[in-house]
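Shown next: target23.pdb, containing PDB, C-alpha atoms, pLDDT in the B column.
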ATOM      1  CA  MET A   1       0.000   0.000   0.000  1.00 34.00           C
ATOM      2  CA  LYS A   2       0.926   3.618  -0.095  1.00 37.00           C
ATOM      3  CA  LYS A   3       2.430   4.724   3.163  1.00 36.00           C
ATOM      4  CA  ILE A   4       4.767   3.427   5.830  1.00 37.00           C
ATOM      5  CA  PHE A   5       5.151   4.889   9.306  1.00 38.00           C
ATOM      6  CA  THR A   6       5.384   3.847  12.922  1.00 38.00           C
ATOM      7  CA  PHE A   7       1.858   3.586  14.271  1.00 37.00           C
ATOM      8  CA  LEU A   8       0.077   2.966  17.556  1.00 33.00           C
ATOM      9  CA  ALA A   9      -2.944   0.654  17.337  1.00 35.00           C
ATOM     10  CA  SER A  10      -5.604   0.952  20.028  1.00 33.00           C
ATOM     11  CA  MET A  11      -7.146  -2.511  19.929  1.00 36.00           C
ATOM     12  CA  ALA A  12      -6.339  -4.713  22.907  1.00 36.00           C
ATOM     13  CA  MET A  13      -3.775  -2.317  24.311  1.00 38.00           C
ATOM     14  CA  ALA A  14      -5.096  -2.977  27.804  1.00 40.00           C
ATOM     15  CA  LEU A  15      -3.823  -6.540  27.555  1.00 44.00           C
ATOM     16  CA  GLY A  16      -0.248  -5.297  27.479  1.00 44.00           C
ATOM     17  CA  ALA A  17       2.272  -8.102  27.687  1.00 45.00           C
ATOM     18  CA  GLN A  18       0.055 -10.516  29.619  1.00 54.00           C
ATOM     19  CA  ALA A  19       0.394 -14.145  28.512  1.00 66.00           C
ATOM     20  CA  SER A  20      -3.372 -14.638  28.239  1.00 73.00           C
ATOM     21  CA  GLY A  21      -6.685 -13.033  29.070  1.00 89.00           C
ATOM     22  CA  THR A  22     -10.089 -12.230  27.597  1.00 92.00           C
ATOM     23  CA  CYS A  23     -11.399  -9.395  25.475  1.00 91.00           C
ATOM     24  CA  ASP A  24     -14.970  -8.372  24.602  1.00 93.00           C
ATOM     25  CA  VAL A  25     -15.245  -7.400  20.920  1.00 90.00           C
ATOM     26  CA  LEU A  26     -18.737  -6.095  20.094  1.00 91.00           C
ATOM     27  CA  GLY A  27     -20.355  -8.490  22.542  1.00 93.00           C
ATOM     28  CA  THR A  28     -18.247 -11.556  21.706  1.00 93.00           C
ATOM     29  CA  VAL A  29     -15.828 -12.590  24.450  1.00 95.00           C
ATOM     30  CA  PHE A  30     -12.572 -13.952  23.065  1.00 96.00           C
ATOM     31  CA  THR A  31      -9.809 -15.789  24.860  1.00 96.00           C
ATOM     32  CA  VAL A  32      -6.598 -13.933  24.042  1.00 95.00           C
ATOM     33  CA  ASP A  33      -3.133 -15.470  23.993  1.00 95.00           C
ATOM     34  CA  THR A  34       0.033 -13.400  23.613  1.00 95.00           C
ATOM     35  CA  LEU A  35       2.166 -15.106  20.976  1.00 96.00           C
ATOM     36  CA  PHE A  36       4.956 -12.542  20.795  1.00 96.00           C
ATOM     37  CA  HIS A  37       6.013  -9.482  22.764  1.00 96.00           C
ATOM     38  CA  ALA A  38       9.449  -7.890  22.575  1.00 96.00           C
ATOM     39  CA  TYR A  39      11.393  -4.711  21.946  1.00 95.00           C
ATOM     40  CA  VAL A  40      12.033  -4.371  18.208  1.00 93.00           C
ATOM     41  CA  GLY A  41      13.647  -0.933  18.175  1.00 93.00           C
ATOM     42  CA  PRO A  42      14.369   2.136  20.313  1.00 94.00           C
ATOM     43  CA  GLY A  43      11.426   2.651  22.674  1.00 94.00           C
ATOM     44  CA  THR A  44       9.294   0.321  20.530  1.00 96.00           C
ATOM     45  CA  THR A  45       7.620  -2.980  21.367  1.00 96.00           C
ATOM     46  CA  GLN A  46       5.789  -5.283  18.995  1.00 95.00           C
ATOM     47  CA  THR A  47       3.004  -7.589  20.160  1.00 96.00           C
ATOM     48  CA  SER A  48       1.174 -10.424  18.429  1.00 96.00           C
ATOM     49  CA  LEU A  49      -2.142 -11.648  19.879  1.00 96.00           C
ATOM     50  CA  TYR A  50      -4.349 -14.614  19.057  1.00 96.00           C
ATOM     51  CA  PHE A  51      -8.109 -14.147  19.645  1.00 96.00           C
ATOM     52  CA  HIS A  52     -10.268 -17.284  19.659  1.00 96.00           C
ATOM     53  CA  THR A  53     -13.678 -18.505  20.774  1.00 96.00           C
ATOM     54  CA  GLY A  54     -15.388 -21.580  19.314  1.00 94.00           C
ATOM     55  CA  THR A  55     -14.873 -21.415  15.529  1.00 95.00           C
ATOM     56  CA  LYS A  56     -14.064 -17.698  15.542  1.00 94.00           C
ATOM     57  CA  GLU A  57     -10.470 -16.562  15.549  1.00 95.00           C
ATOM     58  CA  MET A  58      -8.368 -13.578  14.532  1.00 94.00           C
ATOM     59  CA  ARG A  59      -4.830 -12.268  14.873  1.00 96.00           C
ATOM     60  CA  VAL A  60      -3.956  -8.803  16.148  1.00 94.00           C
ATOM     61  CA  PHE A  61      -0.588  -7.131  15.682  1.00 93.00           C
ATOM     62  CA  TYR A  62       0.300  -3.791  17.224  1.00 92.00           C
ATOM     63  CA  SER A  63       3.272  -1.708  18.242  1.00 93.00           C
ATOM     64  CA  LYS A  64       3.684   0.664  21.142  1.00 94.00           C
ATOM     65  CA  ILE A  65       6.110   3.511  20.487  1.00 92.00           C
ATOM     66  CA  ASP A  66       7.680   6.047  22.830  1.00 93.00           C
ATOM     67  CA  LEU A  67       7.765   9.149  20.628  1.00 88.00           C
ATOM     68  CA  SER A  68       9.802  10.992  23.254  1.00 89.00           C
ATOM     69  CA  ASN A  69      12.712   8.635  22.575  1.00 93.00           C
ATOM     70  CA  PRO A  70      15.388  10.730  20.806  1.00 91.00           C
ATOM     71  CA  TYR A  71      16.207   7.848  18.450  1.00 93.00           C
ATOM     72  CA  VAL A  72      12.629   7.496  17.164  1.00 91.00           C
ATOM     73  CA  SER A  73      11.055   9.531  14.377  1.00 88.00           C
ATOM     74  CA  VAL A  74       7.943   9.019  12.288  1.00 87.00           C
ATOM     75  CA  LYS A  75       7.989   9.167   8.500  1.00 87.00           C
ATOM     76  CA  ALA A  76       5.413   8.660   5.760  1.00 88.00           C
ATOM     77  CA  VAL A  77       6.411   7.118   2.427  1.00 90.00           C
ATOM     78  CA  SER A  78       4.528   6.950  -0.856  1.00 90.00           C
ATOM     79  CA  GLY A  79       4.955   3.786  -2.907  1.00 89.00           C
ATOM     80  CA  ALA A  80       7.838   4.217  -5.390  1.00 89.00           C
ATOM     81  CA  ASP A  81       7.811   7.916  -4.391  1.00 92.00           C
ATOM     82  CA  LYS A  82       5.118   8.452  -7.024  1.00 92.00           C
ATOM     83  CA  PHE A  83       1.403   9.244  -7.073  1.00 93.00           C
ATOM     84  CA  ALA A  84       0.553   5.756  -8.381  1.00 94.00           C
ATOM     85  CA  GLY A  85       2.405   2.467  -8.168  1.00 88.00           C
ATOM     86  CA  GLY A  86       2.409  -0.556  -5.923  1.00 82.00           C
ATOM     87  CA  GLU A  87       5.127  -1.353  -3.403  1.00 89.00           C
ATOM     88  CA  THR A  88       5.165  -3.566  -0.331  1.00 91.00           C
ATOM     89  CA  VAL A  89       5.755  -2.010   3.066  1.00 91.00           C
ATOM     90  CA  SER A  90       8.882  -4.126   3.570  1.00 92.00           C
ATOM     91  CA  HIS A  91      10.320  -2.966   0.229  1.00 94.00           C
ATOM     92  CA  MET A  92       9.612   0.676   1.142  1.00 92.00           C
ATOM     93  CA  ALA A  93      11.555   0.207   4.360  1.00 92.00           C
ATOM     94  CA  LYS A  94      14.558  -1.333   2.593  1.00 94.00           C
ATOM     95  CA  ARG A  95      14.538   1.327  -0.135  1.00 94.00           C
ATOM     96  CA  LYS A  96      14.395   4.199   2.353  1.00 93.00           C
ATOM     97  CA  ASP A  97      17.056   2.843   4.706  1.00 93.00           C
ATOM     98  CA  ALA A  98      20.089   5.114   4.897  1.00 92.00           C
ATOM     99  CA  PRO A  99      23.080   5.594   7.193  1.00 93.00           C
ATOM    100  CA  GLY A 100      21.718   6.790  10.518  1.00 88.00           C
ATOM    101  CA  ALA A 101      18.092   6.167   9.482  1.00 90.00           C
ATOM    102  CA  ARG A 102      16.679   2.657   9.554  1.00 92.00           C
ATOM    103  CA  TYR A 103      12.996   1.935   8.943  1.00 93.00           C
ATOM    104  CA  TYR A 104      12.241  -0.880  11.351  1.00 91.00           C
ATOM    105  CA  ILE A 105       8.439  -0.949  11.615  1.00 91.00           C
ATOM    106  CA  GLY A 106       5.616   0.104   9.324  1.00 89.00           C
ATOM    107  CA  VAL A 107       1.922  -0.148   8.556  1.00 87.00           C
ATOM    108  CA  ASN A 108      -0.290   0.417   5.522  1.00 84.00           C
ATOM    109  CA  GLY A 109      -1.809   3.869   5.653  1.00 80.00           C
ATOM    110  CA  ASP A 110      -4.481   4.317   2.966  1.00 76.00           C
ATOM    111  CA  PHE A 111      -6.944   2.722   0.584  1.00 86.00           C
ATOM    112  CA  TRP A 112      -5.916   2.999  -3.041  1.00 89.00           C
ATOM    113  CA  VAL A 113      -7.094   2.691  -6.638  1.00 93.00           C
ATOM    114  CA  THR A 114      -7.121  -0.935  -7.825  1.00 93.00           C
ATOM    115  CA  GLY A 115      -7.622  -0.501 -11.586  1.00 94.00           C
ATOM    116  CA  GLY A 116      -7.839   1.855 -14.545  1.00 95.00           C
ATOM    117  CA  GLN A 117      -5.531   3.734 -16.874  1.00 96.00           C
ATOM    118  CA  THR A 118      -4.952   7.326 -17.890  1.00 96.00           C
ATOM    119  CA  ALA A 119      -5.607   8.553 -21.410  1.00 96.00           C
ATOM    120  CA  ARG A 120      -1.931   7.781 -22.154  1.00 96.00           C
ATOM    121  CA  GLY A 121      -2.202   4.217 -20.904  1.00 96.00           C
ATOM    122  CA  GLU A 122      -0.454   4.710 -17.572  1.00 96.00           C
ATOM    123  CA  SER A 123      -1.695   2.480 -14.771  1.00 95.00           C
ATOM    124  CA  MET A 124      -3.629   4.206 -11.997  1.00 95.00           C
ATOM    125  CA  VAL A 125      -3.201   1.272  -9.599  1.00 93.00           C
ATOM    126  CA  GLY A 126      -1.792   2.391  -6.267  1.00 92.00           C
ATOM    127  CA  ALA A 127      -3.051   5.978  -6.437  1.00 94.00           C
ATOM    128  CA  PRO A 128      -4.301   7.050  -2.979  1.00 92.00           C
ATOM    129  CA  ILE A 129      -8.034   7.471  -2.407  1.00 91.00           C
ATOM    130  CA  SER A 130      -7.552  10.086   0.317  1.00 90.00           C
ATOM    131  CA  SER A 131      -5.184  13.009   0.683  1.00 90.00           C
ATOM    132  CA  CYS A 132      -1.576  11.907   1.004  1.00 89.00           C
ATOM    133  CA  ILE A 133       1.489  13.798   2.202  1.00 88.00           C
ATOM    134  CA  ALA A 134       4.926  12.219   2.674  1.00 87.00           C
ATOM    135  CA  ASP A 135       7.930  14.126   4.031  1.00 81.00           C
ATOM    136  CA  GLY A 136       6.000  17.368   3.499  1.00 80.00           C
ATOM    137  CA  PHE A 137       5.458  16.689  -0.209  1.00 85.00           C
ATOM    138  CA  ILE A 138       1.858  16.709  -1.423  1.00 90.00           C
ATOM    139  CA  TYR A 139       0.996  13.594  -3.424  1.00 93.00           C
ATOM    140  CA  LYS A 140      -2.744  14.294  -3.258  1.00 93.00           C
ATOM    141  CA  ALA A 141      -4.860  16.953  -1.538  1.00 92.00           C
ATOM    142  CA  GLN A 142      -8.601  17.390  -1.776  1.00 90.00           C
ATOM    143  CA  ASN A 143     -11.393  19.107   0.083  1.00 83.00           C
ATOM    144  CA  GLY A 144     -13.870  16.931   1.901  1.00 78.00           C
ATOM    145  CA  ARG A 145     -14.493  15.301   5.238  1.00 78.00           C
ATOM    146  CA  GLU A 146     -11.488  13.007   5.511  1.00 85.00           C
ATOM    147  CA  TYR A 147     -10.290  11.408   8.703  1.00 87.00           C
ATOM    148  CA  GLN A 148      -6.506  11.268   8.693  1.00 86.00           C
ATOM    149  CA  PHE A 149      -3.688  10.042  10.878  1.00 85.00           C
ATOM    150  CA  THR A 150      -1.125  12.850  11.076  1.00 84.00           C
ATOM    151  CA  ILE A 151       2.139  13.652  12.820  1.00 82.00           C
ATOM    152  CA  ASP A 152       3.066  17.304  13.300  1.00 80.00           C
ATOM    153  CA  GLN A 153       6.550  18.849  13.358  1.00 77.00           C
ATOM    154  CA  ASN A 154       6.755  18.184  17.091  1.00 81.00           C
ATOM    155  CA  GLU A 155       6.157  14.442  16.608  1.00 78.00           C
ATOM    156  CA  VAL A 156       2.641  14.732  18.092  1.00 84.00           C
ATOM    157  CA  PRO A 157       0.193  12.249  16.501  1.00 86.00           C
ATOM    158  CA  SER A 158      -3.494  12.898  15.985  1.00 88.00           C
ATOM    159  CA  LEU A 159      -6.566  11.399  14.347  1.00 90.00           C
ATOM    160  CA  GLY A 160      -9.146  13.797  12.972  1.00 89.00           C
ATOM    161  CA  VAL A 161     -10.724  15.572  10.038  1.00 88.00           C
ATOM    162  CA  VAL A 162      -8.279  17.259   7.668  1.00 83.00           C
ATOM    163  CA  ASN A 163      -9.357  19.801   5.047  1.00 83.00           C
ATOM    164  CA  PHE A 164      -7.224  21.239   2.254  1.00 84.00           C
ATOM    165  CA  ALA A 165      -7.193  24.923   1.387  1.00 84.00           C
ATOM    166  CA  GLY A 166      -4.964  27.018  -0.822  1.00 88.00           C
ATOM    167  CA  THR A 167      -4.925  30.360  -2.645  1.00 91.00           C
ATOM    168  CA  LEU A 168      -3.253  31.686  -5.777  1.00 92.00           C
ATOM    169  CA  VAL A 169      -2.654  35.447  -5.974  1.00 93.00           C
ATOM    170  CA  ASN A 170      -1.443  37.229  -9.108  1.00 92.00           C
ATOM    171  CA  ALA A 171       0.712  40.360  -9.334  1.00 90.00           C
ATOM    172  CA  ALA A 172      -2.394  42.573  -9.375  1.00 94.00           C
ATOM    173  CA  GLY A 173      -3.628  41.063  -6.114  1.00 94.00           C
ATOM    174  CA  THR A 174      -6.488  39.042  -7.607  1.00 94.00           C
ATOM    175  CA  SER A 175      -6.893  35.693  -5.860  1.00 94.00           C
ATOM    176  CA  VAL A 176      -8.496  32.353  -6.698  1.00 92.00           C
ATOM    177  CA  ASN A 177      -8.952  29.228  -4.603  1.00 90.00           C
ATOM    178  CA  VAL A 178      -6.859  26.106  -5.133  1.00 91.00           C
ATOM    179  CA  GLY A 179      -9.310  23.234  -5.312  1.00 90.00           C
ATOM    180  CA  GLY A 180      -6.791  20.452  -4.836  1.00 92.00           C
ATOM    181  CA  VAL A 181      -3.563  18.781  -5.913  1.00 94.00           C
ATOM    182  CA  ASN A 182      -3.347  15.795  -8.290  1.00 96.00           C
ATOM    183  CA  ILE A 183      -7.126  15.310  -8.403  1.00 94.00           C
ATOM    184  CA  ASP A 184      -9.832  15.564 -11.050  1.00 92.00           C
ATOM    185  CA  ALA A 185     -10.290  19.218 -12.026  1.00 89.00           C
ATOM    186  CA  VAL A 186     -12.506  21.173  -9.624  1.00 84.00           C
ATOM    187  CA  ASP A 187     -15.185  23.582 -10.902  1.00 85.00           C
ATOM    188  CA  ASN A 188     -14.583  27.306 -10.237  1.00 83.00           C
ATOM    189  CA  ALA A 189     -11.130  26.704  -8.778  1.00 86.00           C
ATOM    190  CA  VAL A 190      -7.574  25.931  -9.821  1.00 92.00           C
ATOM    191  CA  SER A 191      -6.301  22.359  -9.615  1.00 94.00           C
ATOM    192  CA  LEU A 192      -2.544  21.809  -9.444  1.00 95.00           C
ATOM    193  CA  TYR A 193      -0.547  18.855 -10.791  1.00 96.00           C
ATOM    194  CA  ASN A 194       3.067  18.123  -9.864  1.00 93.00           C
ATOM    195  CA  PRO A 195       5.727  15.771 -11.313  1.00 91.00           C
ATOM    196  CA  LYS A 196       4.769  12.999  -8.858  1.00 92.00           C
ATOM    197  CA  TYR A 197       1.524  12.637 -10.852  1.00 95.00           C
ATOM    198  CA  PHE A 198       1.295  11.018 -14.287  1.00 96.00           C
ATOM    199  CA  LYS A 199       3.078  12.222 -17.442  1.00 95.00           C
ATOM    200  CA  GLY A 200       0.027  14.332 -18.276  1.00 96.00           C
ATOM    201  CA  THR A 201      -2.787  15.862 -16.264  1.00 96.00           C
ATOM    202  CA  ASN A 202      -5.349  13.378 -17.632  1.00 96.00           C
ATOM    203  CA  GLN A 203      -7.893  16.215 -17.526  1.00 95.00           C
ATOM    204  CA  PHE A 204     -10.191  17.417 -20.289  1.00 94.00           C
ATOM    205  CA  ASN A 205     -12.907  20.079 -20.754  1.00 92.00           C
ATOM    206  CA  CYS A 206     -10.818  22.641 -18.902  1.00 92.00           C
ATOM    207  CA  THR A 207      -8.127  25.245 -19.555  1.00 94.00           C
ATOM    208  CA  GLU A 208      -4.573  24.336 -18.629  1.00 96.00           C
ATOM    209  CA  VAL A 209      -1.277  26.191 -18.372  1.00 96.00           C
ATOM    210  CA  GLN A 210       2.266  25.242 -17.340  1.00 96.00           C
ATOM    211  CA  VAL A 211       4.111  27.158 -14.635  1.00 94.00           C
ATOM    212  CA  LYS A 212       7.648  27.082 -13.285  1.00 93.00           C
ATOM    213  CA  TYR A 213       9.097  28.095  -9.951  1.00 91.00           C
ATOM    214  CA  VAL A 214      10.491  31.599  -9.725  1.00 91.00           C
ATOM    215  CA  GLU A 215      14.201  31.653  -8.894  1.00 84.00           C
ATOM    216  CA  GLY A 216      14.667  31.066  -5.192  1.00 80.00           C
ATOM    217  CA  ASP A 217      11.666  28.754  -4.868  1.00 83.00           C
ATOM    218  CA  SER A 218      11.840  25.096  -5.747  1.00 80.00           C
ATOM    219  CA  SER A 219       8.841  23.291  -4.334  1.00 80.00           C
ATOM    220  CA  PHE A 220       5.127  23.418  -3.658  1.00 79.00           C
ATOM    221  CA  ALA A 221       4.627  21.960  -0.200  1.00 78.00           C
ATOM    222  CA  TRP A 222       2.089  21.912   2.608  1.00 77.00           C
ATOM    223  CA  GLY A 223       2.031  25.140   4.607  1.00 78.00           C
ATOM    224  CA  LYS A 224       4.635  26.903   2.470  1.00 81.00           C
ATOM    225  CA  ALA A 225       4.261  29.820   0.085  1.00 87.00           C
ATOM    226  CA  CYS A 226       5.981  29.743  -3.303  1.00 89.00           C
ATOM    227  CA  ARG A 227       6.153  31.936  -6.411  1.00 92.00           C
ATOM    228  CA  LEU A 228       5.210  30.644  -9.849  1.00 92.00           C
ATOM    229  CA  GLU A 229       5.587  32.012 -13.359  1.00 93.00           C
ATOM    230  CA  VAL A 230       3.439  31.056 -16.358  1.00 93.00           C
ATOM    231  CA  ILE A 231       5.681  29.638 -19.110  1.00 91.00           C
ATOM    232  CA  GLY A 232       3.224  28.962 -21.919  1.00 89.00           C
ATOM    233  CA  ALA A 233      -0.067  29.902 -23.473  1.00 93.00           C
ATOM    234  CA  PRO A 234      -3.274  28.458 -21.975  1.00 95.00           C
ATOM    235  CA  SER A 235      -4.608  25.384 -23.782  1.00 96.00           C
ATOM    236  CA  THR A 236      -7.970  23.628 -23.924  1.00 96.00           C
ATOM    237  CA  ALA A 237      -6.599  20.526 -25.686  1.00 96.00           C
ATOM    238  CA  GLY A 238      -6.491  18.587 -22.407  1.00 95.00           C
ATOM    239  CA  ASP A 239      -3.987  16.153 -20.867  1.00 97.00           C
ATOM    240  CA  MET A 240      -1.192  18.744 -20.811  1.00 96.00           C
ATOM    241  CA  ASP A 241       2.365  17.511 -20.248  1.00 95.00           C
ATOM    242  CA  LEU A 242       3.689  17.948 -16.742  1.00 93.00           C
ATOM    243  CA  PRO A 243       7.038  19.785 -16.608  1.00 88.00           C
ATOM    244  CA  ALA A 244       9.878  18.070 -14.754  1.00 84.00           C
ATOM    245  CA  GLN A 245      10.451  21.221 -12.701  1.00 84.00           C
ATOM    246  CA  GLY A 246       7.160  23.018 -12.178  1.00 89.00           C
ATOM    247  CA  LEU A 247       3.412  22.508 -12.108  1.00 94.00           C
TER     248      LEU A 247
END

Structure rendered as structure tokens:
Amino acid sequence: MKKIFTFLASMAMALGAQASGTCDVLGTVFTVDTLFHAYVGPGTTQTSLYFHTGTKEMRVFYSKIDLSNPYVSVKAVSGADKFAGGETVSHMAKRKDAPGARYYIGVNGDFWVTGGQTARGESMVGAPISSCIADGFIYKAQNGREYQFTIDQNEVPSLGVVNFAGTLVNAAGTSVNVGGVNIDAVDNAVSLYNPKYFKGTNQFNCTEVQVKYVEGDSSFAWGKACRLEVIGAPSTAGDMDLPAQGL
């Protein structure tokens, strides 16, 4: 799936490292056996539980992480570092490993597109359904009532509704809303597409224009302002090429 990060699961946390016990899940009482419990990294334990009653059984895996540990940080990763594309969590961890930074635990973080192609024949499999930000880079942002798991710059986690908002202002001071990033074009707003998306915008029945970053700016990221310059005439042909450096 699309994202990898250290994550705290709430289910059965009260059981802790007990060898066995019981747990009521929506009115069904399960016998719970602890199959594995150990430290797997700095300030991090991993636990494996076996729930069973009669013919019903399930496995629960969770990690408990001390985010105050100076050797622990939380990162999000997008599969293949692209908008679409499949990659296993274990492969993400190996690919992102670097001296002084080892990914040692991860969890899937989103639902994703399971079929379809763009007008150019590019696979859409792996594209996130919800908004997706990894290392501050916006892979997808859309307005709507989305519940997200987020980590702020102070390593504080939260679960709640996240809404996207953005504004473009021209030299004369006229502004227009940004409807989203790497999504289907939004009516009465500007939609932005970055190089993490497909080769083209895959949008039609709209007016498109390429822009580049003004010298001194080099990225369009969450919570940051940047300056852009139009580099071509507007077009209504659709599916405009995405510049390697720009939007």

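Ranking A:Leu247, A:Val214, A:Val162, A:Val181 by their shortest atom-to-atom distance to Tyr147 in chain A, with all atoms listed in the file included, puts A:Val162 first.
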
Point to revise | Residues returned when the PyMOL selection byres ((chain A and resi 205) around 7) runs on this file, as an NGL selection string | key: :A and (204 or 206 or 236 or 238)

Write a file of the just-selected residues containing C-alpha atoms, as a PDB file, in the coordinates of the input.
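As written to disk, again-v6.pdb reads:
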ATOM      1  CA  PHE A 204     -10.191  17.417 -20.289  1.00 94.00           C
ATOM      2  CA  CYS A 206     -10.818  22.641 -18.902  1.00 92.00           C
ATOM      3  CA  THR A 236      -7.970  23.628 -23.924  1.00 96.00           C
ATOM      4  CA  GLY A 238      -6.491  18.587 -22.407  1.00 95.00           C
TER       5      GLY A 238
END

Using the chain letters and numbers from the file, which residues does the PyMOL selection byres ((chain A and resi 73) around 10) grab, as a PDB file with C-alpha atoms, in the coordinates of the input?
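What follows is the written file part08.pdb:
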ATOM      1  CA  PHE A   5       5.151   4.889   9.306  1.00 38.00           C
ATOM      2  CA  THR A   6       5.384   3.847  12.922  1.00 38.00           C
ATOM      3  CA  ILE A  65       6.110   3.511  20.487  1.00 92.00           C
ATOM      4  CA  ASP A  66       7.680   6.047  22.830  1.00 93.00           C
ATOM      5  CA  LEU A  67       7.765   9.149  20.628  1.00 88.00           C
ATOM      6  CA  SER A  68       9.802  10.992  23.254  1.00 89.00           C
ATOM      7  CA  ASN A  69      12.712   8.635  22.575  1.00 93.00           C
ATOM      8  CA  PRO A  70      15.388  10.730  20.806  1.00 91.00           C
ATOM      9  CA  TYR A  71      16.207   7.848  18.450  1.00 93.00           C
ATOM     10  CA  VAL A  72      12.629   7.496  17.164  1.00 91.00           C
ATOM     11  CA  VAL A  74       7.943   9.019  12.288  1.00 87.00           C
ATOM     12  CA  LYS A  75       7.989   9.167   8.500  1.00 87.00           C
ATOM     13  CA  ALA A 101      18.092   6.167   9.482  1.00 90.00           C
ATOM     14  CA  TYR A 103      12.996   1.935   8.943  1.00 93.00           C
ATOM     15  CA  ILE A 151       2.139  13.652  12.820  1.00 82.00           C
ATOM     16  CA  GLU A 155       6.157  14.442  16.608  1.00 78.00           C
TER      17      GLU A 155
END

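Using only C-alpha atoms, the set of residues no farther than 12 Å from the position (-11.4, 19.1, 1.7) comprises A:Ser130, A:Ser131, A:Lys140, A:Ala141, A:Gln142, A:Asn143, A:Gly144, A:Arg145, A:Glu146, A:Tyr147, A:Gln148, A:Val161, A:Val162, A:Asn163, A:Phe164, A:Ala165, A:Gly166, A:Val178, A:Gly179, A:Gly180, A:Val181, A:Ile183, A:Val186.
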
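In this model, the gap between CA of His52 in chain A and CA of Asp33 in chain A comes to 8.5 Å.
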
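CA of Gly232 in chain A to CA of Lys212 in chain A spans 9.9 Å [interatomic distance, one decimal].
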
Study note, to complete from the structure: CA of Tyr62 in chain A to CA of Ala84 in chain A measures 27.3 Å

Practice item. Apply the PyMOL selection byres ((chain A and resi 59) around 7) to the structure shown and report the selected residues as a list of chain:residue names. Key: A:Leu49, A:Tyr50, A:Phe51, A:Met58, A:Val60, A:Phe61

Point to revise | Residues within 12 Å of Glu215 in chain A, only C-alpha atoms, excluding chain neighbours under 5 positions, as a ChimeraX atom specification | key: /A:226-229,245-246

Since we have the selection now, will you write its residues out, keeping C-alpha atoms, as a PDB file, in the frame of the given file?
ATOM      1  CA  CYS A 226       5.981  29.743  -3.303  1.00 89.00           C
ATOM      2  CA  ARG A 227       6.153  31.936  -6.411  1.00 92.00           C
ATOM      3  CA  LEU A 228       5.210  30.644  -9.849  1.00 92.00           C
ATOM      4  CA  GLU A 229       5.587  32.012 -13.359  1.00 93.00           C
ATOM      5  CA  GLN A 245      10.451  21.221 -12.701  1.00 84.00           C
ATOM      6  CA  GLY A 246       7.160  23.018 -12.178  1.00 89.00           C
TER       7      GLY A 246
END

Check your understanding: Taking into account all atoms listed in the file, which residue in the set A:Val29, A:Ala237, A:Leu168, A:Ile138 is nearest to Asn194 in chain A?
Key -> A:Ile138

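Within the 12 Å cut-off around Gly79 in chain A, using all atoms listed in the file and omitting residues fewer than 6 positions from it on the same chain, the listed residues are Met1, Lys2, Lys3, Ile4, Gly85, Gly86, Glu87, Thr88, Val89, Ser90, His91, Met92, Ala93, Arg95, Lys96, Asn108, Gly109, Asp110, Trp112, Val125, Gly126, Ala127, Pro128, Cys132, Ile133, Ala134, Tyr139 and Lys196 of chain A.
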
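Every protein, DNA or RNA residue with an atom at most 8 Å from Thr47 in chain A, where all atoms listed in the file count and chain neighbours fewer than 4 positions away do not, is listed here: Ala17, Thr34, Leu35, Phe36, His37, Ala38, Phe61, Tyr62 and Ser63 of chain A.
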
If the box runs along x, y and z of the file and leaves 3 Å on each side of range 89-99 of chain A, what are its centre and edge lengths in Å, one decimal, as lines of an AutoDock Vina configuration file?
center_x = 14.4
center_y = 0.7
center_z = 3.5
size_x = 23.3
size_y = 15.7
size_z = 13.3

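Using only C-alpha atoms, the nearest neighbour of Gln203 in chain A within the list A:Ala171, A:Ala185, A:Ala98, A:Val113 is A:Ala185.
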
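Across A:Ala76, A:Val32, A:Leu192, A:Val169, the tightest approach to Met240 in chain A is made by A:Leu192 when counting only C-alpha atoms.
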